[in-house]
Every structure is written in structure tokens, then in C-alpha cells.
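Novice: Structure file protein14.cif, mmCIF, C-alpha atoms, is pasted below:
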data_coords
#
loop_
_atom_site.group_PDB
_atom_site.id
_atom_site.type_symbol
_atom_site.label_atom_id
_atom_site.label_comp_id
_atom_site.auth_asym_id
_atom_site.auth_seq_id
_atom_site.Cartn_x
_atom_site.Cartn_y
_atom_site.Cartn_z
ATOM 1 C CA MET A 1 -33.747 93.715 43.063
ATOM 2 C CA SER A 2 -37.316 92.477 43.264
ATOM 3 C CA GLY A 3 -40.273 94.642 42.345
ATOM 4 C CA ALA A 4 -41.605 94.242 45.869
ATOM 5 C CA GLU A 5 -38.355 95.519 47.404
ATOM 6 C CA LEU A 6 -38.254 98.488 45.015
ATOM 7 C CA SER A 7 -41.866 99.242 45.817
ATOM 8 C CA GLN A 8 -41.145 99.242 49.532
ATOM 9 C CA LYS A 9 -37.941 101.319 49.314
ATOM 10 C CA LEU A 10 -39.498 103.947 47.046
ATOM 11 C CA ASP A 11 -42.927 103.882 48.711
ATOM 12 C CA ILE A 12 -44.745 103.457 45.402
ATOM 13 C CA SER A 13 -46.914 100.667 43.998
ATOM 14 C CA ARG A 14 -45.577 97.675 42.032
ATOM 15 C CA ALA A 15 -47.392 99.042 38.986
ATOM 16 C CA ALA A 16 -45.591 102.382 39.394
ATOM 17 C CA VAL A 17 -42.250 100.558 39.628
ATOM 18 C CA TRP A 18 -42.964 98.767 36.356
ATOM 19 C CA ALA A 19 -44.043 102.014 34.651
ATOM 20 C CA ARG A 20 -40.849 103.774 35.658
ATOM 21 C CA ILE A 21 -38.717 100.842 34.554
ATOM 22 C CA GLU A 22 -40.392 101.164 31.149
ATOM 23 C CA GLU A 23 -39.579 104.887 31.082
ATOM 24 C CA LEU A 24 -35.938 104.112 31.803
ATOM 25 C CA ARG A 25 -35.874 101.526 29.016
ATOM 26 C CA LYS A 26 -37.187 104.131 26.563
ATOM 27 C CA LEU A 27 -34.287 106.371 27.600
ATOM 28 C CA GLY A 28 -31.838 103.609 26.664
ATOM 29 C CA TYR A 29 -31.255 101.809 29.961
ATOM 30 C CA ASP A 30 -30.950 98.045 29.420
ATOM 31 C CA ILE A 31 -32.900 96.511 32.318
ATOM 32 C CA GLU A 32 -33.470 92.780 32.609
ATOM 33 C CA ALA A 33 -36.603 91.544 34.376
ATOM 34 C CA GLY A 34 -37.414 88.041 35.642
ATOM 35 C CA PRO A 35 -40.181 86.640 37.855
ATOM 36 C CA HIS A 36 -37.667 85.190 40.321
ATOM 37 C CA SER A 37 -34.625 87.460 39.917
ATOM 38 C CA GLY A 38 -36.437 90.806 39.789
ATOM 39 C CA TYR A 39 -34.962 93.777 37.925
ATOM 40 C CA ARG A 40 -31.293 94.054 36.987
ATOM 41 C CA LEU A 41 -29.541 96.979 35.288
ATOM 42 C CA LEU A 42 -27.309 95.570 32.539
ATOM 43 C CA SER A 43 -26.093 98.816 30.977
ATOM 44 C CA ALA A 44 -26.752 102.551 30.932
ATOM 45 C CA PRO A 45 -26.754 104.789 27.847
ATOM 46 C CA ASP A 46 -24.025 107.353 27.263
ATOM 47 C CA VAL A 47 -26.345 110.278 27.919
ATOM 48 C CA LEU A 48 -26.606 112.957 30.585
ATOM 49 C CA HIS A 49 -29.726 113.117 32.745
ATOM 50 C CA ALA A 50 -30.161 115.710 35.481
ATOM 51 C CA ASP A 51 -31.720 113.208 37.922
ATOM 52 C CA ASP A 52 -28.870 110.760 37.380
ATOM 53 C CA LEU A 53 -26.194 113.438 37.883
ATOM 54 C CA LEU A 54 -27.891 114.769 41.032
ATOM 55 C CA SER A 55 -28.144 111.241 42.441
ATOM 56 C CA ARG A 56 -24.484 110.480 41.731
ATOM 57 C CA LEU A 57 -23.294 113.815 43.091
ATOM 58 C CA GLY A 58 -25.125 113.737 46.391
ATOM 59 C CA LYS A 59 -25.003 116.792 48.635
ATOM 60 C CA THR A 60 -22.679 119.635 47.668
ATOM 61 C CA ARG A 61 -22.126 123.011 49.295
ATOM 62 C CA VAL A 62 -23.001 125.117 46.261
ATOM 63 C CA ILE A 63 -22.122 123.818 42.804
ATOM 64 C CA GLY A 64 -24.502 121.174 41.467
ATOM 65 C CA ARG A 65 -27.414 121.607 43.828
ATOM 66 C CA ASP A 66 -29.491 122.421 40.725
ATOM 67 C CA ILE A 67 -28.619 120.673 37.436
ATOM 68 C CA ARG A 68 -30.347 121.142 34.093
ATOM 69 C CA VAL A 69 -29.595 119.244 30.874
ATOM 70 C CA PHE A 70 -30.511 120.434 27.369
ATOM 71 C CA GLN A 71 -30.282 118.320 24.250
ATOM 72 C CA GLU A 72 -29.153 121.322 22.224
ATOM 73 C CA THR A 73 -28.589 125.016 22.798
ATOM 74 C CA THR A 74 -26.592 127.864 21.321
ATOM 75 C CA SER A 75 -24.289 128.093 24.328
ATOM 76 C CA THR A 76 -24.756 127.026 27.935
ATOM 77 C CA ASN A 77 -23.352 130.421 28.977
ATOM 78 C CA ASP A 78 -26.258 132.078 27.142
ATOM 79 C CA ILE A 79 -28.826 130.068 29.138
ATOM 80 C CA LEU A 80 -27.150 130.857 32.449
ATOM 81 C CA GLU A 81 -26.943 134.539 31.611
ATOM 82 C CA LYS A 82 -30.746 134.604 31.329
ATOM 83 C CA LEU A 83 -31.126 132.663 34.576
ATOM 84 C CA ALA A 84 -28.700 135.005 36.331
ATOM 85 C CA ARG A 85 -30.732 138.046 35.281
ATOM 86 C CA ASP A 86 -33.785 136.309 36.772
ATOM 87 C CA SER A 87 -31.988 136.199 40.164
ATOM 88 C CA VAL A 88 -31.546 132.408 40.236
ATOM 89 C CA LYS A 89 -29.362 131.335 43.185
ATOM 90 C CA GLU A 90 -25.740 130.433 42.598
ATOM 91 C CA GLY A 91 -24.725 126.827 42.049
ATOM 92 C CA VAL A 92 -27.021 126.001 39.123
ATOM 93 C CA VAL A 93 -25.266 123.972 36.406
ATOM 94 C CA VAL A 94 -26.460 123.784 32.792
ATOM 95 C CA PHE A 95 -25.236 120.976 30.511
ATOM 96 C CA ALA A 96 -25.909 120.672 26.787
ATOM 97 C CA GLU A 97 -25.471 117.498 24.765
ATOM 98 C CA SER A 98 -24.539 119.773 21.855
ATOM 99 C CA GLN A 99 -24.007 123.494 21.255
ATOM 100 C CA THR A 100 -24.588 125.265 17.966
ATOM 101 C CA LYS A 101 -22.633 128.375 18.993
ATOM 102 C CA GLY A 102 -20.243 127.184 21.670
ATOM 103 C CA ARG A 103 -17.554 129.766 22.255
ATOM 104 C CA GLY A 104 -14.122 130.053 23.781
ATOM 105 C CA ARG A 105 -11.969 133.018 24.667
ATOM 106 C CA LEU A 106 -11.429 135.919 22.274
ATOM 107 C CA GLY A 107 -14.605 135.064 20.366
ATOM 108 C CA ARG A 108 -13.299 131.735 19.083
ATOM 109 C CA LYS A 109 -15.742 128.965 18.222
ATOM 110 C CA TRP A 110 -15.789 125.847 20.419
ATOM 111 C CA VAL A 111 -16.679 122.669 18.531
ATOM 112 C CA SER A 112 -19.292 120.787 20.591
ATOM 113 C CA PRO A 113 -20.419 117.558 18.852
ATOM 114 C CA ARG A 114 -23.467 115.795 20.305
ATOM 115 C CA GLY A 115 -22.763 113.378 23.121
ATOM 116 C CA LYS A 116 -18.994 113.534 22.700
ATOM 117 C CA GLY A 117 -17.946 115.826 25.517
ATOM 118 C CA LEU A 118 -18.974 117.797 28.558
ATOM 119 C CA TRP A 119 -20.258 121.240 27.563
ATOM 120 C CA PHE A 120 -21.566 123.048 30.622
ATOM 121 C CA SER A 121 -21.711 126.291 32.599
ATOM 122 C CA VAL A 122 -21.908 127.148 36.291
ATOM 123 C CA LEU A 123 -23.544 130.214 37.829
ATOM 124 C CA LEU A 124 -21.720 131.767 40.793
ATOM 125 C CA ARG A 125 -22.281 134.863 42.910
ATOM 126 C CA PRO A 126 -18.954 135.195 44.739
ATOM 127 C CA ARG A 127 -18.148 137.938 47.220
ATOM 128 C CA LEU A 128 -15.072 138.984 45.289
ATOM 129 C CA ARG A 129 -13.784 142.219 43.863
ATOM 130 C CA PRO A 130 -14.129 142.168 40.053
ATOM 131 C CA GLN A 131 -10.336 142.124 39.629
ATOM 132 C CA ALA A 132 -10.165 138.939 41.728
ATOM 133 C CA VAL A 133 -12.563 136.902 39.544
ATOM 134 C CA THR A 134 -9.491 135.356 37.894
ATOM 135 C CA GLN A 135 -9.385 133.198 41.027
ATOM 136 C CA LEU A 136 -12.440 131.342 39.691
ATOM 137 C CA THR A 137 -10.625 130.428 36.464
ATOM 138 C CA ILE A 138 -7.669 129.180 38.531
ATOM 139 C CA ALA A 139 -10.020 127.120 40.715
ATOM 140 C CA SER A 140 -11.743 125.643 37.648
ATOM 141 C CA ALA A 141 -8.439 124.593 36.115
ATOM 142 C CA THR A 142 -7.196 122.767 39.214
ATOM 143 C CA ALA A 143 -10.579 121.066 39.627
ATOM 144 C CA LEU A 144 -10.578 119.865 36.008
ATOM 145 C CA VAL A 145 -7.045 118.473 36.286
ATOM 146 C CA ARG A 146 -7.843 116.535 39.458
ATOM 147 C CA ALA A 147 -11.084 115.129 38.047
ATOM 148 C CA ILE A 148 -9.476 114.019 34.785
ATOM 149 C CA ARG A 149 -6.612 112.381 36.638
ATOM 150 C CA SER A 150 -8.869 110.499 39.071
ATOM 151 C CA GLN A 151 -11.188 109.223 36.322
ATOM 152 C CA THR A 152 -8.631 108.353 33.614
ATOM 153 C CA GLY A 153 -5.167 108.163 35.171
ATOM 154 C CA LEU A 154 -3.960 110.820 32.717
ATOM 155 C CA HIS A 155 -1.788 113.724 33.874
ATOM 156 C CA PRO A 156 -3.029 116.941 32.264
ATOM 157 C CA GLU A 157 -1.188 120.252 32.498
ATOM 158 C CA ILE A 158 -2.527 123.783 32.756
ATOM 159 C CA LYS A 159 -1.569 126.395 30.196
ATOM 160 C CA TRP A 160 -2.216 129.912 31.456
ATOM 161 C CA PRO A 161 -4.752 131.423 31.390
ATOM 162 C CA ASN A 162 -7.478 128.871 30.756
ATOM 163 C CA ASP A 163 -6.423 125.767 28.810
ATOM 164 C CA ILE A 164 -5.965 122.167 29.928
ATOM 165 C CA LEU A 165 -3.430 120.234 27.836
ATOM 166 C CA ILE A 166 -2.389 116.616 27.440
ATOM 167 C CA ARG A 167 0.894 116.029 25.603
ATOM 168 C CA GLY A 168 0.780 119.631 24.444
ATOM 169 C CA ARG A 169 -2.697 119.389 22.918
ATOM 170 C CA LYS A 170 -5.794 121.098 24.248
ATOM 171 C CA VAL A 171 -8.398 118.840 25.865
ATOM 172 C CA ALA A 172 -10.411 121.435 27.799
ATOM 173 C CA GLY A 173 -10.968 125.157 28.077
ATOM 174 C CA ILE A 174 -12.559 127.608 30.500
ATOM 175 C CA LEU A 175 -14.438 130.792 29.653
ATOM 176 C CA THR A 176 -15.249 133.099 32.583
ATOM 177 C CA GLU A 177 -17.820 135.834 31.987
ATOM 178 C CA LEU A 178 -19.194 138.246 34.566
ATOM 179 C CA LYS A 179 -21.472 141.146 35.321
ATOM 180 C CA ALA A 180 -20.035 143.493 37.905
ATOM 181 C CA GLU A 181 -20.119 146.959 39.366
ATOM 182 C CA LEU A 182 -17.004 148.902 40.287
ATOM 183 C CA ASP A 183 -16.397 147.056 43.556
ATOM 184 C CA LYS A 184 -18.891 144.173 43.485
ATOM 185 C CA VAL A 185 -19.519 141.088 41.348
ATOM 186 C CA ASP A 186 -23.192 140.614 40.526
ATOM 187 C CA TYR A 187 -22.590 137.167 39.037
ATOM 188 C CA ALA A 188 -19.942 135.120 37.271
ATOM 189 C CA ILE A 189 -20.505 132.363 34.726
ATOM 190 C CA LEU A 190 -17.935 129.612 34.305
ATOM 191 C CA GLY A 191 -18.204 127.996 30.892
ATOM 192 C CA LEU A 192 -16.286 124.727 30.587
ATOM 193 C CA GLY A 193 -15.727 122.532 27.566
ATOM 194 C CA LEU A 194 -14.077 119.117 27.868
ATOM 195 C CA ASP A 195 -13.411 116.863 24.867
ATOM 196 C CA VAL A 196 -14.264 113.392 26.153
ATOM 197 C CA ASN A 197 -15.130 110.789 23.502
ATOM 198 C CA ILE A 198 -14.261 112.600 20.267
ATOM 199 C CA ALA A 199 -12.283 110.422 17.841
ATOM 200 C CA ALA A 200 -9.203 112.002 16.247
ATOM 201 C CA SER A 201 -10.908 111.939 12.841
ATOM 202 C CA GLU A 202 -13.905 113.874 14.211
ATOM 203 C CA PHE A 203 -11.906 117.019 14.926
ATOM 204 C CA PRO A 204 -11.962 119.640 12.143
ATOM 205 C CA PRO A 205 -8.766 119.385 10.033
ATOM 206 C CA ASP A 206 -7.403 122.681 11.353
ATOM 207 C CA LEU A 207 -7.647 121.433 14.966
ATOM 208 C CA ARG A 208 -6.229 117.931 14.652
ATOM 209 C CA LYS A 209 -2.686 118.988 15.570
ATOM 210 C CA LEU A 210 -3.873 121.285 18.354
ATOM 211 C CA ALA A 211 -6.698 119.393 20.100
ATOM 212 C CA THR A 212 -7.176 115.989 21.669
ATOM 213 C CA SER A 213 -9.752 114.092 23.718
ATOM 214 C CA LEU A 214 -9.709 111.729 26.659
ATOM 215 C CA ARG A 215 -10.698 108.884 24.330
ATOM 216 C CA VAL A 216 -7.761 109.628 22.020
ATOM 217 C CA GLU A 217 -5.366 109.709 24.970
ATOM 218 C CA THR A 218 -6.638 106.612 26.796
ATOM 219 C CA GLY A 219 -7.756 104.524 23.823
ATOM 220 C CA GLU A 220 -11.028 103.878 25.668
ATOM 221 C CA THR A 221 -14.517 105.340 25.879
ATOM 222 C CA VAL A 222 -14.882 107.409 29.046
ATOM 223 C CA ASP A 223 -18.023 107.405 31.208
ATOM 224 C CA ARG A 224 -19.237 110.989 30.740
ATOM 225 C CA ALA A 225 -21.730 110.957 33.603
ATOM 226 C CA GLY A 226 -19.122 109.673 36.035
ATOM 227 C CA LEU A 227 -16.617 112.261 34.844
ATOM 228 C CA ALA A 228 -19.202 115.065 35.025
ATOM 229 C CA THR A 229 -19.981 114.121 38.614
ATOM 230 C CA GLU A 230 -16.312 114.165 39.594
ATOM 231 C CA VAL A 231 -15.712 117.526 37.887
ATOM 232 C CA LEU A 232 -18.650 119.119 39.732
ATOM 233 C CA ARG A 233 -17.495 117.663 43.041
ATOM 234 C CA GLU A 234 -13.988 119.075 42.567
ATOM 235 C CA LEU A 235 -15.337 122.442 41.373
ATOM 236 C CA ASP A 236 -17.480 122.695 44.491
ATOM 237 C CA ARG A 237 -14.462 121.907 46.647
ATOM 238 C CA ASP A 238 -12.258 124.560 45.017
ATOM 239 C CA TYR A 239 -14.988 127.193 44.996
ATOM 240 C CA ALA A 240 -15.309 126.670 48.746
ATOM 241 C CA ARG A 241 -11.546 127.237 49.055
ATOM 242 C CA VAL A 242 -11.831 130.526 47.150
ATOM 243 C CA CYS A 243 -14.786 131.701 49.253
ATOM 244 C CA SER A 244 -13.067 130.846 52.535
ATOM 245 C CA GLY A 245 -9.895 132.795 51.724
ATOM 246 C CA GLN A 246 -7.710 129.780 50.878
ATOM 247 C CA PHE A 247 -6.717 130.980 47.420
ATOM 248 C CA GLU A 248 -3.001 130.951 48.256
ATOM 249 C CA SER A 249 -2.938 127.167 48.709
ATOM 250 C CA LEU A 250 -5.036 126.792 45.560
ATOM 251 C CA ALA A 251 -2.568 128.961 43.630
ATOM 252 C CA ASP A 252 0.326 126.784 44.843
ATOM 253 C CA GLU A 253 -1.454 123.686 43.515
ATOM 254 C CA TRP A 254 -2.169 125.471 40.216
ATOM 255 C CA GLU A 255 1.495 126.437 39.792
ATOM 256 C CA GLU A 256 2.600 122.824 40.338
ATOM 257 C CA LYS A 257 0.329 121.717 37.481
ATOM 258 C CA CYS A 258 1.004 124.692 35.181
ATOM 259 C CA SER A 259 3.366 124.244 32.220
ATOM 260 C CA THR A 260 3.589 128.028 31.687
ATOM 261 C CA ILE A 261 5.268 128.992 34.978
ATOM 262 C CA GLY A 262 9.036 129.344 34.656
ATOM 263 C CA ARG A 263 8.903 129.549 30.868
ATOM 264 C CA GLY A 264 9.509 132.382 28.446
ATOM 265 C CA VAL A 265 6.232 133.575 26.945
ATOM 266 C CA THR A 266 4.823 136.074 24.489
ATOM 267 C CA ILE A 267 1.373 137.411 25.357
ATOM 268 C CA GLN A 268 -0.868 139.257 22.921
ATOM 269 C CA ILE A 269 -3.086 141.674 24.860
ATOM 270 C CA GLY A 270 -5.333 143.395 22.317
ATOM 271 C CA ASP A 271 -2.963 145.330 20.042
ATOM 272 C CA ARG A 272 -0.096 145.069 22.534
ATOM 273 C CA ARG A 273 2.465 142.266 22.679
ATOM 274 C CA VAL A 274 4.585 141.615 25.767
ATOM 275 C CA THR A 275 7.356 139.091 26.338
ATOM 276 C CA GLY A 276 9.055 137.831 29.457
ATOM 277 C CA ARG A 277 9.285 134.974 31.928
ATOM 278 C CA ALA A 278 6.107 133.734 33.633
ATOM 279 C CA GLU A 279 6.973 133.724 37.334
ATOM 280 C CA SER A 280 3.880 133.150 39.480
ATOM 281 C CA LEU A 281 0.364 134.280 40.341
ATOM 282 C CA ASP A 282 -0.466 137.283 42.485
ATOM 283 C CA ALA A 283 -3.074 137.341 45.250
ATOM 284 C CA ASP A 284 -5.909 137.939 42.751
ATOM 285 C CA GLY A 285 -4.841 135.164 40.363
ATOM 286 C CA ALA A 286 -3.205 137.370 37.731
ATOM 287 C CA LEU A 287 0.044 136.227 36.072
ATOM 288 C CA LEU A 288 3.246 137.972 37.150
ATOM 289 C CA LEU A 289 5.506 138.390 34.129
ATOM 290 C CA ARG A 290 9.205 139.279 34.539
ATOM 291 C CA ARG A 291 10.062 141.593 31.635
ATOM 292 C CA GLN A 292 13.422 141.933 29.907
ATOM 293 C CA HIS A 293 14.821 144.646 32.227
ATOM 294 C CA GLY A 294 13.614 143.036 35.448
ATOM 295 C CA HIS A 295 10.270 144.846 35.696
ATOM 296 C CA LEU A 296 7.459 142.640 37.056
ATOM 297 C CA GLU A 297 4.213 143.142 35.119
ATOM 298 C CA ARG A 298 0.771 141.949 36.186
ATOM 299 C CA VAL A 299 -1.192 140.325 33.323
ATOM 300 C CA VAL A 300 -4.867 139.375 33.712
ATOM 301 C CA GLY A 301 -5.458 137.735 30.334
ATOM 302 C CA GLY A 302 -4.281 137.435 26.769
ATOM 303 C CA ASP A 303 -3.324 135.036 24.009
ATOM 304 C CA VAL A 304 -0.138 133.292 25.131
ATOM 305 C CA THR A 305 2.603 131.560 23.173
ATOM 306 C CA VAL A 306 5.087 129.538 25.234
ATOM 307 C CA GLU A 307 8.701 129.305 24.084
ATOM 308 C CA LYS A 308 9.821 125.786 23.229
#
Kindly transcribe the structure held in the file into C-alpha cells.

Specialist:
Amino acid sequence: MSGAELSQKLDISRAAVWARIEELRKLGYDIEAGPHSGYRLLSAPDVLHADDLLSRLGKTRVIGRDIRVFQETTSTNDILEKLARDSVKEGVVVFAESQTKGRGRLGRKWVSPRGKGLWFSVLLRPRLRPQAVTQLTIASATALVRAIRSQTGLHPEIKWPNDILIRGRKVAGILTELKAELDKVDYAILGLGLDVNIAASEFPPDLRKLATSLRVETGETVDRAGLATEVLRELDRDYARVCSGQFESLADEWEEKCSTIGRGVTIQIGDRRVTGRAESLDADGALLLRRQHGHLERVVGGDVTVEK
């Protein structure tokens, strides 16, 4: 595109066009320039930029209308917790290129190498009872599965309560944290970690048999910005379904993609261990577990082992 055409479309001077092209080059964008051919984008760096993500995403109902990218932070959930206390509107998304204290469920550490995955959190203020916040984890899982499938052709499965697996190995996880009163949610924070371009050798030795990445599974480098955009788009879609009372259809989709339903499981809940057959979700998104003597128990969370 010629400098004159860019100048006209953006309503800025030719000199301003050139200056901004130079800024993009410093960020790693390979842009060719010729007196007759104008400017041409040859390649883009594998980095996340808020402006780029917002441009790709376009208009969304809630999630992604405000995007912020940090080069490094302790945990994206920590940043959003501060923003939530400052009464920031729902829908803000915080990405980090790396996390020094990324965390998963039950206080476990989440390995977040720089530029190798999508480490991000979403602030929501749903009109849900606190016991129904599990619906947000369910919505996040279905959104992640759809986005991964559309961008890579892979077919991930969901392991209750919050893991996304490919060939039995974990590729993504969801951590839902909230501040609530007895009958009202003040805010919920969805923390999501997705292993994108991590090589098998880059996983810590103790995780190599348990974890995988999209690059390992496809044999190719995945466009992180494109994937991030698709994940946010699907998250926004499923959050709208939750807010409009369509959780039942969302739960049906989740059960189709879940490898836990219909299987015998053992669930560690604090100091208590329960076993049974995972049957379905209830109206709030909790797991219904059929115990040995036919009793149906409602389980909100825990550390699950699925029988082989």
C-alpha cells in the first residue's frame, strides 16, 4: 500500500506514516518499502501487542473490550485482582509474555516461559450466585476446546474440573478465583494458561510425561496472536450464553467433550477421598458423582484421578 493511500485512510501526514512504520520495525515487524510499490508487510514477530489483539478481535460484547499486555508479571490473576478492587469494568483481559509466579489449582506452580504460551486472565462481574460460578469454568473449557480445534485441527478433551488434554497430556488449565458475599458475586477472575510453542525438551523433567503443547502435537509453530484472538472470541460467546441463561446447552456441549463423564473416578477433596462414577453436571456446573451404593453426590472441585 502506498504511503499516500495510508496517509489518506488514517488521516495523518506522510511523515507520520513513515514514523509509525519505523516504530513497527523496531517492534520486529518486517516491512518492505519501495518508491513505486509502497509499504508491504513481509512478516510479523511472535509477540503479543494489545493494539494488534484489539484490531484482530473487533467488537465483542464483554470479553476483550480492554486488553493489556505485560512483558513479565508475577501472575496475571494478581494484576486483575488489583484492577477489580479499583472497580474496573468487567471484560478487561491481561496477558503476560512470562509469569514468575504463575499458579494453577491447589497452589501448584504453572510454568510460564517467555513467549511460548498464552498466559492471561479475564475479569468478570457475573450476576450469579457464588455456588454457580463453576459455570464460568465450564464455559472457559468449552471455549478453549473450540478455539484450539479451529486454529490447529487438534481435538482436545476436557478433564473435570479444569484441565484441557490432548492424548492424555495437559495442554491448558483454568483457575477461577472470586470475591463474593453470601448471595452475590462481586467479581470473578478467570486465569487461563495454554502451552502453545513449548518444545518437549523445554518442559521440566517431572512434567514431560504429563504435559504437552500445541507445537508438540502439531509439529508446527502456532500463531499465538491468532490463537489468542480466537480464544477471546469464543470466551465472549460462552460468557454471553451463561449470562443469558443458556447454561444447559453449554453443559451438554461440555459433556460431549469431557473424558471424565461416564468413567470411574477418585476425587481428593481436602482430607476426604470419594470414589464413584462421574455422571453429569448439575444446573450450577457441579459434578454429579454416583457413589458405590447408588447415592448421587454433588462435587464442586477436587483433585481427580480417572480410572484407566

Novice: Selection in question (the file shown): the PyMOL selection byres ((chain A and resi 41-56) around 6). Which residues does it include, as a ChimeraX atom specification?

Specialist: /A:28-31,40,57-58,67-69

Novice: Counting all atoms listed in the file, what is within 7 Å of Val196 in chain A, bar same-chain residues fewer than 3 positions away, as a ChimeraX atom specification?

Specialist: /A:116-118,213-215,222

Novice: Can you tell me which residues surround Lys82 in chain A at a distance of at most 12 Å, considering all atoms listed in the file, apart from same-chain residues fewer than 6 positions away, and format the answer as a PDB file with C-alpha atoms, in the frame of the given file?

Specialist:
ATOM      1  CA  SER A  75     -24.289 128.093  24.328  1.00  0.00           C
ATOM      2  CA  THR A  76     -24.756 127.026  27.935  1.00  0.00           C
ATOM      3  CA  VAL A  88     -31.546 132.408  40.236  1.00  0.00           C
ATOM      4  CA  VAL A  94     -26.460 123.784  32.792  1.00  0.00           C
ATOM      5  CA  LEU A 123     -23.544 130.214  37.829  1.00  0.00           C
ATOM      6  CA  TYR A 187     -22.590 137.167  39.037  1.00  0.00           C
ATOM      7  CA  ILE A 189     -20.505 132.363  34.726  1.00  0.00           C
TER       8      ILE A 189
END

Novice: Within 7 Å of range 224-241 of chain A, counting only C-alpha atoms, which residues qualify if same-chain residues fewer than 6 places away don't, as an MDAnalysis selection string?

Specialist: chainID A and resid 46 48 53 56:57 60:64 139:140 143:144 147 151 247

Novice: Limited to C-alpha atoms, could you put the picked residues into a file as a CSV table (one decimal), keeping the file's coordinate frame?

Specialist:
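Writing the result to out.csv gives the following:
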chain,number,residue,atom,x,y,z
A,46,ASP,CA,-24.0,107.4,27.3
A,48,LEU,CA,-26.6,113.0,30.6
A,53,LEU,CA,-26.2,113.4,37.9
A,56,ARG,CA,-24.5,110.5,41.7
A,57,LEU,CA,-23.3,113.8,43.1
A,60,THR,CA,-22.7,119.6,47.7
A,61,ARG,CA,-22.1,123.0,49.3
A,62,VAL,CA,-23.0,125.1,46.3
A,63,ILE,CA,-22.1,123.8,42.8
A,64,GLY,CA,-24.5,121.2,41.5
A,139,ALA,CA,-10.0,127.1,40.7
A,140,SER,CA,-11.7,125.6,37.6
A,143,ALA,CA,-10.6,121.1,39.6
A,144,LEU,CA,-10.6,119.9,36.0
A,147,ALA,CA,-11.1,115.1,38.0
A,151,GLN,CA,-11.2,109.2,36.3
A,247,PHE,CA,-6.7,131.0,47.4

Novice: Which is closest to Lys159 in chain A among A:Arg125, A:Arg146, A:Lys257, A:Lys89, if we use all atoms listed in the file?

Specialist: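 Comparing A:Arg125, A:Arg146, A:Lys257, A:Lys89 against Lys159 in chain A, the winner is A:Lys257.
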
Novice: Please, which residues in range 57-154 of chain A fall within 10 Å of range 277-283 of chain A when counting all atoms listed in the file, and what is the closest atom pair and distance in Å to one decimal for each, ordered by chain then residue number, as CSV?

Specialist:
residue,atom,partner,partner_atom,distance
A:Ala132,CA,A:Ala283,CA,8.1
A:Thr134,CA,A:Ala283,CA,10.0
A:Gln135,CA,A:Ala283,CA,8.7
A:Ile138,CA,A:Leu281,CA,9.7

Novice: From the list A:Asp303, A:Glu23, A:Asp186, A:Glu297, which residue is nearest Trp160 in chain A when using all atoms listed in the file?

Specialist: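 Distance minimum relative to Trp160 in chain A lands on A:Asp303.
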
Novice: Quick one: which residues end up in the PyMOL selection byres ((chain A and resi 163) around 10) for this structure, as a list in words?

Specialist: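 Against this file, the PyMOL selection byres ((chain A and resi 163) around 10) returns the residues Thr137, Ala141, Glu157, Ile158, Lys159, Trp160, Pro161, Asn162, Ile164, Leu165, Arg169, Lys170, Val171, Ala172, Gly173, Ile174, Leu175, Gly193 and Cys258 of chain A.
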
Novice: Please, what distance in Å, to one decimal, runs between CA of Ala211 in chain A and CA of Val145 in chain A?

Specialist: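 Going from CA of Ala211 in chain A over to CA of Val145 in chain A covers 16.2 Å.
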
Novice: Could you expand the PyMOL selection byres ((chain A and resi 129) around 9) into the explicit residues it covers here, written as a compact mmCIF listing (two decimals) with C-alpha atoms, keeping the file's coordinate frame?

Specialist:
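Result went into part.txt, see below:
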# COMPACT_ATOMS: atom_id res chain seq x y z
CA PRO A 126 -18.95 135.20 44.74
CA ARG A 127 -18.15 137.94 47.22
CA LEU A 128 -15.07 138.98 45.29
CA PRO A 130 -14.13 142.17 40.05
CA GLN A 131 -10.34 142.12 39.63
CA ALA A 132 -10.16 138.94 41.73
CA VAL A 133 -12.56 136.90 39.54
CA ALA A 180 -20.04 143.49 37.90
CA LEU A 182 -17.00 148.90 40.29
CA ASP A 183 -16.40 147.06 43.56
CA LYS A 184 -18.89 144.17 43.48
CA VAL A 185 -19.52 141.09 41.35

Novice: Leaving out Gln99 in chain A and any residue of its chain fewer than 4 positions from it, which residues lie within 10 Å of it when counting only C-alpha atoms, given as a list in words?

Specialist: Phe70, Gln71, Glu72, Thr73, Thr74, Ser75, Thr76, Phe95, Arg103, Trp110, Val111, Ser112, Pro113, Arg114, Trp119 and Phe120 of chain A

Novice: Using Å and a single decimal, report how far CA of Trp18 in chain A sits from CA of Tyr39 in chain A.

Specialist: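 These two atoms are separated by 9.6 Å.
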
Novice: Skipping near chain neighbours, those fewer than 3 positions away, what residues fall within 12 Å of range 3-14 of chain A using only C-alpha atoms, listed as a tab-separated table (two decimals) with C-alpha atoms, in the coordinates of the input?

Specialist:
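Written file, out05.tsv:
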chain	number	residue	atom	x	y	z
A	17	VAL	CA	-42.25	100.56	39.63
A	18	TRP	CA	-42.96	98.77	36.36
A	19	ALA	CA	-44.04	102.01	34.65
A	20	ARG	CA	-40.85	103.77	35.66
A	21	ILE	CA	-38.72	100.84	34.55
A	33	ALA	CA	-36.60	91.54	34.38
A	34	GLY	CA	-37.41	88.04	35.64
A	35	PRO	CA	-40.18	86.64	37.85
A	36	HIS	CA	-37.67	85.19	40.32
A	37	SER	CA	-34.62	87.46	39.92
A	38	GLY	CA	-36.44	90.81	39.79
A	39	TYR	CA	-34.96	93.78	37.92
A	40	ARG	CA	-31.29	94.05	36.99

Novice: Would you compute the distance between CA of Gly102 in chain A and CA of Ser150 in chain A? Give it in Å to one decimal.

Specialist: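 Taking CA of Gly102 in chain A and CA of Ser150 in chain A, their separation equals 26.7 Å.
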
Novice: Need the axis-aligned box for range 20-27 of chain A with 4 Å each side, so what are the centre and edges in Å to one decimal, as JSON?

Specialist:
{"center_x": -37.6, "center_y": 103.6, "center_z": 31.1, "size_x": 14.6, "size_y": 13.5, "size_z": 17.1}

Novice: For Thr266 in chain A, which residue out of A:Val306, A:Leu80, A:Leu287, A:Leu296 is the nearest one, using only C-alpha atoms?

Specialist: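 Checking each of A:Val306, A:Leu80, A:Leu287, A:Leu296 against Thr266 in chain A, counting only C-alpha atoms, the winner is A:Val306.
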
Novice: Using only C-alpha atoms, can you tell me which of A:Gly302, A:Leu27, A:Leu136, A:Val216 comes closest to Arg273 in chain A?

Specialist: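 Closest candidate: A:Gly302.
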